[in-house]
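Engineer: Below are the structure tokens for one structure; questions will follow.
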2 protein chains.
Amino acid sequence: MSQVQKLTTASLHRPGKKLTRTHAALLNALLELLDEKSFEQITIREITAKAGVGYATFFRRYQDKEELLHDLAAQEIRRLLTMTLPIVHAADTYASTLALCSFIWKHKKLWHALLTGGAAAILKEAYLQEALAACRDQADPSASLPIDLAVSVAIAGIVETLSWWLRQSNPPDVEAMAKTINRLAIRPVFEQDDLL
Amino acid sequence: MSQVQKLTTASLHRPGKKLTRTHAALLNALLELLDEKSFEQITIREITAKAGVGYATFFRRYQDKEELLHDLAAQEIRRLLTMTLPIVHAADTYASTLALCSFIWKHKKLWHALLTGGAAAILKEAYLQEALAACRDQADPSASLPIDLAVSVAIAGIVETLSWWLRQSNPPDVEAMAKTINRLAIRPVFEQDDLL
DNA sequence: AGCTTTATGATACAGTGTGTATCATAAAGT
DNA sequence: ACTTTATGATACACACTGTATCATAAAGCT
């Protein structure tokens, strides 16, 4: 937890770590800081300090805070998509949302940080991009809904629901949330728009 | 449009304006700036300059940019809610969403600014608060969905859909969007959750 | 091993925006 | 006319950012 490793002239920089120890240290530092405060309140100086990395070094890899968060978000979302993707493939949507909710619940601390406050917008954007890329392939041209709109609204609904879930003091169980997501975010996108 | 009124020692400050000319000037200045750039890029100095108001004066009324935007958002949303509220009362949801979309379309330039980028989060929050306040009264205790969650997801869906709409180069017409909002954001919240 | 290239740490620095404090003046209230 | 309040105009202390510089450690290459 105290990752502050003074690298003054100590014997770190093991040759074992192949690609950029710095990289991982920054991601990890941001992750830890997100547990303590909101993304907006975190400064680059804090991140580099906790990562045990020089301040200027940050800008050699990222342009700004947002880019680092986007990197972190993409990393976590890639795992999550393994759960979410089957939803799109329409096999068994309930099983998929259930898997999604279970996954979130297992890592609720992490996802609470990612889905709360200013971080949520960036995470949602990364989520949206990944989901869109995955959906465009098998997009149904005869669909009554533009694929971009459908995915945008579905993702927004999922993110909103999960965010609400993680903020509750007495949160519903995983099964209930899976049903809720299915009802509010997934089914509306797939069903026929017969009435009105 | 050039609202930059030099107030050096000119004969402004008409006694006619009763409550705080400054107040309105700031709101108006932000509104105009939102047409030129995104909310994040706007500085308080710019706002006060365009409003023809002293820089320090800003902080006598608002704590920060966000508070001013929240004020502006609340103002615009109050009008919009006159359209949206009937949706909740479940009389004729299509007529309500149609009214909502027509209203947005009529003021699309304004709402494009409010629903795009960093401003969207604050607007959504204001929208959510107003909608929640309006819904709590007649909340159905036997509902299968917590009222907070239902409204949150509905608002998120509406905002997401409208935002998508206003970003299109060849946007669908008002009727189509009303149907879409009805299908994606309104109906899912009200329907019975029979299956699964 | 010796030379070269690259990644880092450690500062220093300029630029920008924020929020507060101060003071004199104009507007409004009495 | 006297008092109170709102404003304009600065000035300032602060916090962050993003860039530049320089010396050093690590890694790669011959």
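Convention: chains lettered A, B, ... in structure tokens order; per-chain residue numbering from 1; ligands numbered from 1 as shown.
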For chain A, report every residue with an atom at most 8 Å from chain C (counting only C-alpha atoms (C1' of nucleotides)), formatted as a list in words.
Structural biologist: Val53, Gly54 and Thr57 of chain A
Engineer: Go ahead and write the residues just picked, N, CA, C and O atoms, as a tab-separated table (two decimals), in the first residue's frame.
Structural biologist:
chain	number	residue	atom	x	y	z
A	53	VAL	N	8.29	8.50	-8.84
A	53	VAL	CA	8.77	8.80	-10.18
A	53	VAL	C	8.96	10.31	-10.31
A	53	VAL	O	8.24	11.07	-9.67
A	54	GLY	N	9.92	10.73	-11.08
A	54	GLY	CA	10.14	12.16	-11.26
A	54	GLY	C	8.95	12.84	-11.89
A	54	GLY	O	8.25	12.23	-12.70
A	57	THR	N	8.94	13.17	-15.62
A	57	THR	CA	8.82	11.88	-16.29
A	57	THR	C	7.39	11.61	-16.74
A	57	THR	O	7.17	10.97	-17.77
Engineer: Using only C-alpha atoms (C1' of nucleotides), which protein or nucleic acid residues come within 12 Å of stretch 139-149 of chain A? Drop anything in the same chain fewer than 4 positions from it, and give the result as JSON, numbers by chain.
Structural biologist: {"A": [88, 89, 128, 129, 130, 131, 132, 133, 134, 135, 153, 154, 155, 156, 188, 189, 190, 191, 192, 193, 194], "B": [157, 158, 159, 160, 161, 162, 163, 164, 165, 166, 167, 168, 171, 172, 176, 177, 179, 180, 181, 183, 184]}
Engineer: As a ChimeraX atom specification, which residues of stretch 133-190 of chain A does DSSP assign to helix (DSSP H, G or I)?
Structural biologist: /A:133-136,147-167,174-190
Engineer: So how many Å separate atom CA of A:Leu72 and atom CA of A:Glu46, to one decimal?
Structural biologist: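 It comes out at 16.5 Å.
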Engineer: Here is a test: counting only C-alpha atoms (C1' of nucleotides), which residue of B:Tyr55, B:Trp111, B:Phe103, B:Phe39 is nearest to chain D?
Structural biologist: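 The shortest atom-to-atom distance to chain D comes from B:Tyr55.
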Engineer: Select residues of chain D: the criterion is any atom within 10 Å of an atom of chain A, counting only C-alpha atoms (C1' of nucleotides); output as a short mmCIF file (atom, residue, chain, number, x, y, z; two decimals) with N, CA and C atoms (P, O5', C5', C4', C3', O3' and C1' of nucleotides), in the first residue's frame.
Structural biologist:
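Saved the output as result.cif:
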data_model
loop_
_atom_site.label_atom_id
_atom_site.label_comp_id
_atom_site.auth_asym_id
_atom_site.auth_seq_id
_atom_site.Cartn_x
_atom_site.Cartn_y
_atom_site.Cartn_z
P DC D 16 -1.97 21.92 -5.86
"O5'" DC D 16 -2.08 21.64 -7.42
"C5'" DC D 16 -1.75 22.72 -8.27
"C4'" DC D 16 -2.12 22.44 -9.69
"C3'" DC D 16 -1.32 21.28 -10.29
"O3'" DC D 16 -2.06 20.64 -11.32
"C1'" DC D 16 -0.59 23.38 -11.18
P DT D 17 -1.33 19.48 -12.18
"O5'" DT D 17 -0.95 20.25 -13.52
"C5'" DT D 17 -1.83 21.25 -14.00
"C4'" DT D 17 -1.24 21.94 -15.23
"C3'" DT D 17 -0.48 21.01 -16.16
"O3'" DT D 17 -0.83 21.31 -17.49
"C1'" DT D 17 0.92 22.81 -15.48
P DG D 18 -0.82 20.10 -18.61
"O5'" DG D 18 0.53 20.46 -19.40
"C5'" DG D 18 0.62 21.73 -19.99
"C4'" DG D 18 2.05 22.08 -20.32
"C3'" DG D 18 2.87 20.93 -20.93
"O3'" DG D 18 3.51 21.42 -22.10
"C1'" DG D 18 4.05 21.94 -19.14
P DT D 19 4.50 20.56 -22.94
"O5'" DT D 19 5.87 21.37 -22.81
"C5'" DT D 19 5.81 22.78 -22.72
"C4'" DT D 19 7.21 23.35 -22.52
"C3'" DT D 19 8.31 22.55 -23.21
"O3'" DT D 19 9.21 23.46 -23.83
"C1'" DT D 19 8.77 22.71 -20.89
P DA D 25 25.13 7.34 -11.27
"O5'" DA D 25 24.04 6.23 -11.59
"C5'" DA D 25 22.68 6.43 -11.17
"C4'" DA D 25 21.75 5.58 -12.01
"C3'" DA D 25 22.26 4.15 -12.25
"O3'" DA D 25 21.18 3.24 -12.19
"C1'" DA D 25 21.97 5.25 -14.34
P DA D 26 21.48 1.67 -12.26
"O5'" DA D 26 20.80 1.28 -13.66
"C5'" DA D 26 19.56 1.89 -13.99
"C4'" DA D 26 19.10 1.47 -15.37
"C3'" DA D 26 19.48 0.04 -15.74
"O3'" DA D 26 18.39 -0.57 -16.42
"C1'" DA D 26 20.40 1.54 -17.34
P DA D 27 18.49 -2.12 -16.83
"O5'" DA D 27 18.69 -1.99 -18.41
"C5'" DA D 27 18.07 -0.89 -19.08
"C4'" DA D 27 18.27 -1.00 -20.57
"C3'" DA D 27 18.62 -2.42 -21.04
"O3'" DA D 27 18.02 -2.63 -22.30
"C1'" DA D 27 20.41 -0.96 -21.54
#
Engineer: For a test of reading the model, state the distance in Å between atom CA of B:Ala185 and atom CA of B:Ser152, rounded to one decimal.
Structural biologist: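 Atom-to-atom, atom CA of B:Ala185 and atom CA of B:Ser152 are spaced 10.2 Å apart.
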Engineer: Give me, as a list in words, all polymer residues having an atom no more than 7 Å from A:Glu40, counting only C-alpha atoms (C1' of nucleotides) and skipping those fewer than 2 positions away in the same chain.
Structural biologist: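 Listing them by chain and then by number gives Ser38, Ile42 and Gly118 of chain A.
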